[in-house]
Amino acid sequence: MNNFISQIRERGALALLIACLLLAGPGTALYAQNKVSDINDPAAGKGMIVAGELWDSYMPLNKGPFYSEATLDLLKVVRIGNFERQWSSPTHMWPGGWNFGAFWNKNIEFTVWDPDTTFNPSTIGGVTNPSHYAAAGSTFGYLAYPNTARGKTIPGVGDPARDYARETKWVDATKRHRILYEAGHPTTAGVDVQYRIHQYSLNWNNFNDFYILELTFTNTGVVDMNADGTAEKTGHVIEGLALALHGEYMSAYSLNEGAGRGNAFFAQRAIGYYGDNDAAGAPWAMHVAFPGESGPGVKDMGIFAGPQRYMADVWSAWTCLGAKDATGTDFPTRFGTPAVGTGAERGWYMTAGVGKGFSMGMGDPRDTFIGSIGTYFVDGGKSLDKSKFNLAANPNLFEAGSTAGDLRTFVLKSSGRTAPNGDLKTTNSFGVNTYEPSWTAGYTAANNFDGDGFLGVGPFKLEVGQSVTVTLAVAGGYRLQGVANAIGTARWVFDNKTNADYDIPVDYPAVPEIRIDNTLTQSVRVRWDNRANSHPAFAGYKIYKTSLSQQVDWLTGGTRGLDEYWRNMTPGPTPANLLKPVNPEFSAQAFVAGRTGVPDGWGPYTLMAVIPEASLATYADASAAGYNYSWEDKVVDVGFKYWYYVAAYTDQPLTLGTSYVSFNNPPNTDFVETSNVNRNGASGLWVNTYPFATLNTFFPKTTQGLKDIGTGFIVKSALANPADLVSGKAKIVVKPNPYKKKALFDNATLSYDHKLTFMNLPGNAKITILDVSGQIVDQIVFQSTDPNNGSTFWDMFSKDGIEVASGLYIYVVEYDGGKQVGYFSILR
């Protein structure tokens, strides 16, 4: 090498150019991968739900404490997202993988009422009882778990049959149709709680826009309210158990590459209860949260990220599907009513409202219990003022003569019952204009960190040994229609599941296992296996793609197409007829015009190819072990991130029935297909952090880890084989050449960001860059073991830190067995 440089210096530029033309050698390289060992996963044992389009995370009581409970003796809050105030896990994020979220947090609390004043006294054995709240008195309490780090315990702690948390898994890892998370633990009130969360990966009819949460309560009768490990009571009957799911809606926040949070406030933070009827005449009966308008009459509702002006119109919703005993029979409240209600009475027996004027969660258990079942009282929260609580039995439902607050005395009317109205959902009070023409029943309110919106269920009476399973559905979607249809499909699952494990009577192909590879020609090769082929209705494959080189126009696409884009069978962008309509009342088009976003793993996806079963032989490719087919994408930009997924589709007609869907969501289909859960080879399970959080401590560093998390795939050259370089089968190239002002992959916002890329490098190479006089400008040592990375950038600064001038430059790439010489020019 030194002799070569000396010759160039002696003979001048002409010799340089001749040498460049005569000497042609190959080369390729990969970045060195850092090893990660002993990762302390912040989500270990917690319920990470990321197999569908709605991403969320659960911290059961026995996996706490979350950040506000660290110094408490008892853990009372089932935390949903934002475990440590770092947003290291998803908090109701739709679409899944987008770096925006809507909630500070969500929580669930379980509360109990017992008329026995010795149930939860202020002291037990002369020692202060940590379960007791002075304002609540001795007859209310939480189902709590002991903070063992503070020396507390209760019977059952550590018993693996009762106290456990199992990592989220695919029920069938080959098919990848449904994930399951399971946990369970004892509580101070003697009620064991079990959690089971189900999520589906099917695209059709919003199946992947919700998850189902089962909460099973079993009364052991063993009470240890002070958590000293010794029971105060045995054989204890639970007189009233209630639960509430509530959330602190933020409208929008963003997460960066380190998974740190930035506020994206703009829209009115609006919450409410949607009580209008579905197509079958039953109320939708669901709590919702949505981005309202920035000011009265402005009609700019739906702008999800204020600083960016993204008109994404992302909504959230949850409801209760019902309560069952161990045999699957409906389990009534202690009053004899259904937990939810059916037909025209759906929602009657749930409670919905806003925790303003009273404590809803973490604070006074009396307030939380009353709020959770407030509809059964004359005023159980509808006045938003605890001083106005009226705990007399609601006269619409109960006979006269009961004792206020004593649930044992509430007697149902034998006839003439109407909807109880002790909560906010029956007021038809619309504090925030929704501009959704179908919404006329329920309520709306502003939510400004001054009281969570909630939905409650109960109260249930449990004899010793008796169990009740309360099932909730949580959804995300585009506009009110999106979340309503997702909740409708969740109800279909609840009513039509084939077994207690929540398998559904919709059979469709296995999700293909895929892998994305770079090539030596700067194209991308998408590979997949044949596991879907064995399905009896298998009809072929579809290949989808999105890229950071594209832009998202939220008014003409974006989240509007996420529900129906899969119905497209013609390669190209999603047709207009498959886009959900923008709210017709929206009138801030000029305000959001030109405010485009960038795609990510969530989409929006473009259909690139449809491969019918009869054409599969054309794509047969067994060159990579474990994969049977491949498709090459030649239209890519080097240096940009891409996401691909392969869906298997059927020719199998299916129907949900019109009683479960509405808003022009077709209940019937001629085919279904697998979803984008396998994007860029993702496993569909949580891998320590978000796929976009490339600077986070827990972001994977291994090739397998990057595949499992489904991170963006950067188009580079593949790693070249030195033998192919020597033989001339492959050749090292430099792009762009010539370099003119900016390259497509440069950061447009940074004036100093200029890069050349060397491609088709071998695994170990040294690149020497010289000027025409033979002076060494810079040297790069390249090492890589990643078969998808045979590229490296040069920032066009010299080894002395000086930005290089326009001109002609020589490069020499040396590698084991050979070298290649070439040239490039820079034109500023």
# chains A, B, ... in the order shown; residues from 1 in each chain; ligands from 1
call {"tool": "select_by_dssp", "arguments": {"residues": "stretch 58-115 of chain A", "states": "helix (DSSP H, G or I)", "output": "ChimeraX atom specification"}}
result
/A:61-63,67-69
call {"tool": "residues_around", "arguments": {"residues": "stretch 490-499 of chain A", "least_positions_apart": "4", "cutoff": "8 Å", "atoms": "only C-alpha atoms", "output": "count of residues only"}}
result
12
call {"tool": "residues_around", "arguments": {"residues": "stretch 462-468 of chain A", "least_positions_apart": "4", "cutoff": "12 Å", "atoms": "only C-alpha atoms", "output": "ChimeraX atom specification"}}
result
/A:112-114,189-194,214-223,233-242,322-334,339,458
call {"tool": "atom_distance", "arguments": {"atom1": "atom CA of A:Ile826", "atom2": "atom CA of A:Gly763"}}
result
26.8 Å
call {"tool": "select_by_dssp", "arguments": {"residues": "stretch 468-698 of chain A", "states": "strand (DSSP E)", "output": "ChimeraX atom specification"}}
result
/A:468-478,514-518,524-528,538-547,606-612,629-633,641-650,654-655,668-669
call {"tool": "write_last_selection", "arguments": {"atoms": "C-alpha atoms", "output": "mmCIF file, in the first residue's frame"}}
result
data_model
loop_
_atom_site.group_PDB
_atom_site.id
_atom_site.type_symbol
_atom_site.label_atom_id
_atom_site.label_comp_id
_atom_site.auth_asym_id
_atom_site.auth_seq_id
_atom_site.Cartn_x
_atom_site.Cartn_y
_atom_site.Cartn_z
ATOM 1 C CA VAL A 468 -66.586 -14.601 39.417
ATOM 2 C CA THR A 469 -64.794 -13.659 36.189
ATOM 3 C CA VAL A 470 -65.335 -10.114 34.980
ATOM 4 C CA THR A 471 -64.333 -9.574 31.344
ATOM 5 C CA LEU A 472 -63.341 -6.207 29.914
ATOM 6 C CA ALA A 473 -62.519 -5.116 26.362
ATOM 7 C CA VAL A 474 -60.099 -2.281 25.543
ATOM 8 C CA ALA A 475 -59.857 -0.796 22.040
ATOM 9 C CA GLY A 476 -58.171 1.810 19.873
ATOM 10 C CA GLY A 477 -59.124 3.100 16.448
ATOM 11 C CA TYR A 478 -59.776 5.853 13.946
ATOM 12 C CA ILE A 514 -40.208 -13.766 7.195
ATOM 13 C CA ARG A 515 -36.695 -12.372 6.837
ATOM 14 C CA ILE A 516 -35.463 -9.242 5.067
ATOM 15 C CA ASP A 517 -32.059 -9.244 3.344
ATOM 16 C CA ASN A 518 -29.928 -6.681 1.594
ATOM 17 C CA VAL A 524 -34.079 -5.814 -0.851
ATOM 18 C CA ARG A 525 -35.015 -9.479 -0.808
ATOM 19 C CA VAL A 526 -38.070 -10.505 1.233
ATOM 20 C CA ARG A 527 -38.056 -14.178 2.237
ATOM 21 C CA TRP A 528 -40.823 -16.244 3.830
ATOM 22 C CA PHE A 538 -55.052 -20.979 1.586
ATOM 23 C CA ALA A 539 -55.140 -18.909 -1.613
ATOM 24 C CA GLY A 540 -51.798 -17.085 -1.757
ATOM 25 C CA TYR A 541 -49.601 -14.337 -0.357
ATOM 26 C CA LYS A 542 -49.577 -10.547 -0.376
ATOM 27 C CA ILE A 543 -46.462 -8.415 0.173
ATOM 28 C CA TYR A 544 -46.684 -4.976 1.765
ATOM 29 C CA LYS A 545 -44.146 -2.187 2.232
ATOM 30 C CA THR A 546 -43.707 1.218 3.851
ATOM 31 C CA SER A 547 -40.645 3.453 4.162
ATOM 32 C CA THR A 606 -48.642 -0.108 0.217
ATOM 33 C CA LEU A 607 -49.522 -3.411 -1.428
ATOM 34 C CA MET A 608 -46.539 -4.406 -3.568
ATOM 35 C CA ALA A 609 -47.442 -7.856 -4.857
ATOM 36 C CA VAL A 610 -50.263 -10.388 -4.885
ATOM 37 C CA ILE A 611 -49.014 -13.954 -5.407
ATOM 38 C CA PRO A 612 -51.787 -16.506 -5.974
ATOM 39 C CA TYR A 629 -39.907 -18.202 -1.171
ATOM 40 C CA SER A 630 -38.490 -14.768 -1.936
ATOM 41 C CA TRP A 631 -39.473 -11.566 -3.698
ATOM 42 C CA GLU A 632 -37.054 -8.815 -4.701
ATOM 43 C CA ASP A 633 -37.786 -5.110 -4.277
ATOM 44 C CA LYS A 641 -35.509 2.493 6.662
ATOM 45 C CA TYR A 642 -38.125 0.150 5.248
ATOM 46 C CA TRP A 643 -40.736 -2.180 6.687
ATOM 47 C CA TYR A 644 -42.116 -5.197 4.857
ATOM 48 C CA TYR A 645 -44.561 -7.885 5.771
ATOM 49 C CA VAL A 646 -45.976 -10.944 4.067
ATOM 50 C CA ALA A 647 -49.641 -11.854 4.618
ATOM 51 C CA ALA A 648 -51.199 -15.204 3.806
ATOM 52 C CA TYR A 649 -54.742 -14.881 2.454
ATOM 53 C CA THR A 650 -57.675 -17.250 1.969
ATOM 54 C CA LEU A 654 -66.855 -15.272 6.727
ATOM 55 C CA THR A 655 -69.435 -13.215 8.577
ATOM 56 C CA ASN A 668 -69.118 -10.242 5.571
ATOM 57 C CA THR A 669 -65.935 -10.947 3.649
#
call {"tool": "atom_distance", "arguments": {"atom1": "atom CA of A:Thr351", "atom2": "atom CA of A:Thr426"}}
result
9.5 Å
call {"tool": "closest_residue", "arguments": {"among": "A:Gln481, A:Ser773, A:Ser523, A:Thr111", "to": "A:Gly371", "atoms": "only C-alpha atoms"}}
result
A:Thr111
call {"tool": "atom_distance", "arguments": {"atom1": "atom CA of A:Asp771", "atom2": "atom CA of A:Val804"}}
result
9.7 Å
call {"tool": "residues_around", "arguments": {"residues": "A:Thr375", "least_positions_apart": "4", "cutoff": "9 Å", "atoms": "only C-alpha atoms", "output": "list in words"}}
result
Trp348, Tyr349, Met350, Thr351, Ala352, Gly371, Asp379, Gly380, Gly381, Lys382, Asn394, Ala419, Pro420, Asn421, Gly422, Asp423, Leu424, Lys425 and Thr426 of chain A
call {"tool": "write_last_selection", "arguments": {"atoms": "N, CA and C atoms", "output": "compact mmCIF listing (two decimals), in the first residue's frame"}}
result
# COMPACT_ATOMS: atom_id res chain seq x y z
N TRP A 348 -76.94 -0.60 31.38
CA TRP A 348 -77.70 -0.11 32.52
C TRP A 348 -76.96 -0.27 33.83
N TYR A 349 -76.30 -1.41 34.00
CA TYR A 349 -75.81 -1.81 35.31
C TYR A 349 -74.32 -1.54 35.50
N MET A 350 -73.69 -0.96 34.49
CA MET A 350 -72.33 -0.46 34.65
C MET A 350 -72.41 0.99 35.11
N THR A 351 -71.31 1.49 35.63
CA THR A 351 -71.23 2.89 36.04
C THR A 351 -70.13 3.57 35.24
N ALA A 352 -70.40 4.77 34.76
CA ALA A 352 -69.40 5.53 34.02
C ALA A 352 -69.43 6.97 34.48
N GLY A 371 -67.99 5.31 43.61
CA GLY A 371 -67.88 5.70 42.22
C GLY A 371 -67.98 4.53 41.26
N ASP A 379 -77.43 9.33 43.92
CA ASP A 379 -76.30 10.10 43.36
C ASP A 379 -75.01 9.43 43.83
N GLY A 380 -74.44 8.65 42.93
CA GLY A 380 -73.17 7.98 43.23
C GLY A 380 -72.03 8.59 42.46
N GLY A 381 -72.13 9.88 42.13
CA GLY A 381 -71.05 10.57 41.42
C GLY A 381 -71.51 11.47 40.29
N LYS A 382 -72.80 11.45 39.96
CA LYS A 382 -73.23 12.25 38.81
C LYS A 382 -73.15 13.74 39.08
N ASN A 394 -81.40 3.59 44.22
CA ASN A 394 -81.99 4.31 43.09
C ASN A 394 -83.43 3.86 42.86
N ALA A 419 -83.91 2.26 33.73
CA ALA A 419 -82.45 2.39 33.89
C ALA A 419 -82.11 3.19 35.15
N PRO A 420 -81.25 2.65 36.00
CA PRO A 420 -80.80 3.44 37.16
C PRO A 420 -80.00 4.64 36.66
N ASN A 421 -80.01 5.74 37.42
CA ASN A 421 -79.44 6.98 36.91
C ASN A 421 -78.61 7.72 37.95
N GLY A 422 -77.86 6.96 38.74
CA GLY A 422 -77.06 7.61 39.77
C GLY A 422 -75.68 8.03 39.32
N ASP A 423 -75.36 7.81 38.04
CA ASP A 423 -74.03 8.16 37.55
C ASP A 423 -74.12 9.15 36.39
N LEU A 424 -72.98 9.52 35.86
CA LEU A 424 -72.92 10.58 34.85
C LEU A 424 -73.42 10.13 33.49
N LYS A 425 -73.35 8.83 33.22
CA LYS A 425 -73.66 8.36 31.86
C LYS A 425 -75.11 8.56 31.47
N THR A 426 -75.97 8.74 32.44
CA THR A 426 -77.40 8.90 32.13
C THR A 426 -77.82 10.36 32.00
call {"tool": "decode", "arguments": {"residues": "stretch 480-495 of chain A", "atoms": "N, CA and C atoms", "output": "PDB file, in the first residue's frame"}}
result
ATOM      1  N   LEU A 480     -64.703   7.655  16.234  1.00  0.00           N
ATOM      2  CA  LEU A 480     -65.654   6.903  17.045  1.00  0.00           C
ATOM      3  C   LEU A 480     -66.022   5.590  16.365  1.00  0.00           C
ATOM      4  N   GLN A 481     -66.165   5.609  15.046  1.00  0.00           N
ATOM      5  CA  GLN A 481     -66.556   4.409  14.325  1.00  0.00           C
ATOM      6  C   GLN A 481     -65.535   3.288  14.502  1.00  0.00           C
ATOM      7  N   GLY A 482     -64.255   3.644  14.491  1.00  0.00           N
ATOM      8  CA  GLY A 482     -63.217   2.629  14.617  1.00  0.00           C
ATOM      9  C   GLY A 482     -63.256   1.911  15.943  1.00  0.00           C
ATOM     10  N   VAL A 483     -63.361   2.675  17.053  1.00  0.00           N
ATOM     11  CA  VAL A 483     -63.367   2.015  18.360  1.00  0.00           C
ATOM     12  C   VAL A 483     -64.688   1.288  18.599  1.00  0.00           C
ATOM     13  N   ALA A 484     -65.791   1.823  18.059  1.00  0.00           N
ATOM     14  CA  ALA A 484     -67.076   1.144  18.228  1.00  0.00           C
ATOM     15  C   ALA A 484     -67.065  -0.209  17.534  1.00  0.00           C
ATOM     16  N   ASN A 485     -66.541  -0.249  16.328  1.00  0.00           N
ATOM     17  CA  ASN A 485     -66.500  -1.528  15.620  1.00  0.00           C
ATOM     18  C   ASN A 485     -65.541  -2.504  16.295  1.00  0.00           C
ATOM     19  N   ALA A 486     -64.448  -2.013  16.865  1.00  0.00           N
ATOM     20  CA  ALA A 486     -63.539  -2.896  17.593  1.00  0.00           C
ATOM     21  C   ALA A 486     -64.229  -3.475  18.831  1.00  0.00           C
ATOM     22  N   ILE A 487     -64.961  -2.637  19.570  1.00  0.00           N
ATOM     23  CA  ILE A 487     -65.707  -3.127  20.729  1.00  0.00           C
ATOM     24  C   ILE A 487     -66.781  -4.117  20.279  1.00  0.00           C
ATOM     25  N   GLY A 488     -67.437  -3.844  19.151  1.00  0.00           N
ATOM     26  CA  GLY A 488     -68.440  -4.767  18.638  1.00  0.00           C
ATOM     27  C   GLY A 488     -67.860  -6.133  18.336  1.00  0.00           C
ATOM     28  N   THR A 489     -66.674  -6.170  17.743  1.00  0.00           N
ATOM     29  CA  THR A 489     -66.029  -7.447  17.451  1.00  0.00           C
ATOM     30  C   THR A 489     -65.595  -8.142  18.734  1.00  0.00           C
ATOM     31  N   ALA A 490     -65.158  -7.374  19.723  1.00  0.00           N
ATOM     32  CA  ALA A 490     -64.822  -7.977  21.019  1.00  0.00           C
ATOM     33  C   ALA A 490     -66.053  -8.648  21.630  1.00  0.00           C
ATOM     34  N   ARG A 491     -67.209  -8.020  21.486  1.00  0.00           N
ATOM     35  CA  ARG A 491     -68.447  -8.636  21.987  1.00  0.00           C
ATOM     36  C   ARG A 491     -68.756  -9.935  21.228  1.00  0.00           C
ATOM     37  N   TRP A 492     -68.494  -9.927  19.927  1.00  0.00           N
ATOM     38  CA  TRP A 492     -68.685 -11.151  19.139  1.00  0.00           C
ATOM     39  C   TRP A 492     -67.790 -12.272  19.665  1.00  0.00           C
ATOM     40  N   VAL A 493     -66.531 -11.934  19.984  1.00  0.00           N
ATOM     41  CA  VAL A 493     -65.614 -12.936  20.539  1.00  0.00           C
ATOM     42  C   VAL A 493     -66.147 -13.462  21.871  1.00  0.00           C
ATOM     43  N   PHE A 494     -66.602 -12.559  22.727  1.00  0.00           N
ATOM     44  CA  PHE A 494     -67.119 -12.957  24.044  1.00  0.00           C
ATOM     45  C   PHE A 494     -68.308 -13.903  23.897  1.00  0.00           C
ATOM     46  N   ASP A 495     -69.153 -13.646  22.915  1.00  0.00           N
ATOM     47  CA  ASP A 495     -70.365 -14.449  22.730  1.00  0.00           C
ATOM     48  C   ASP A 495     -70.117 -15.730  21.935  1.00  0.00           C
TER      49      ASP A 495
END
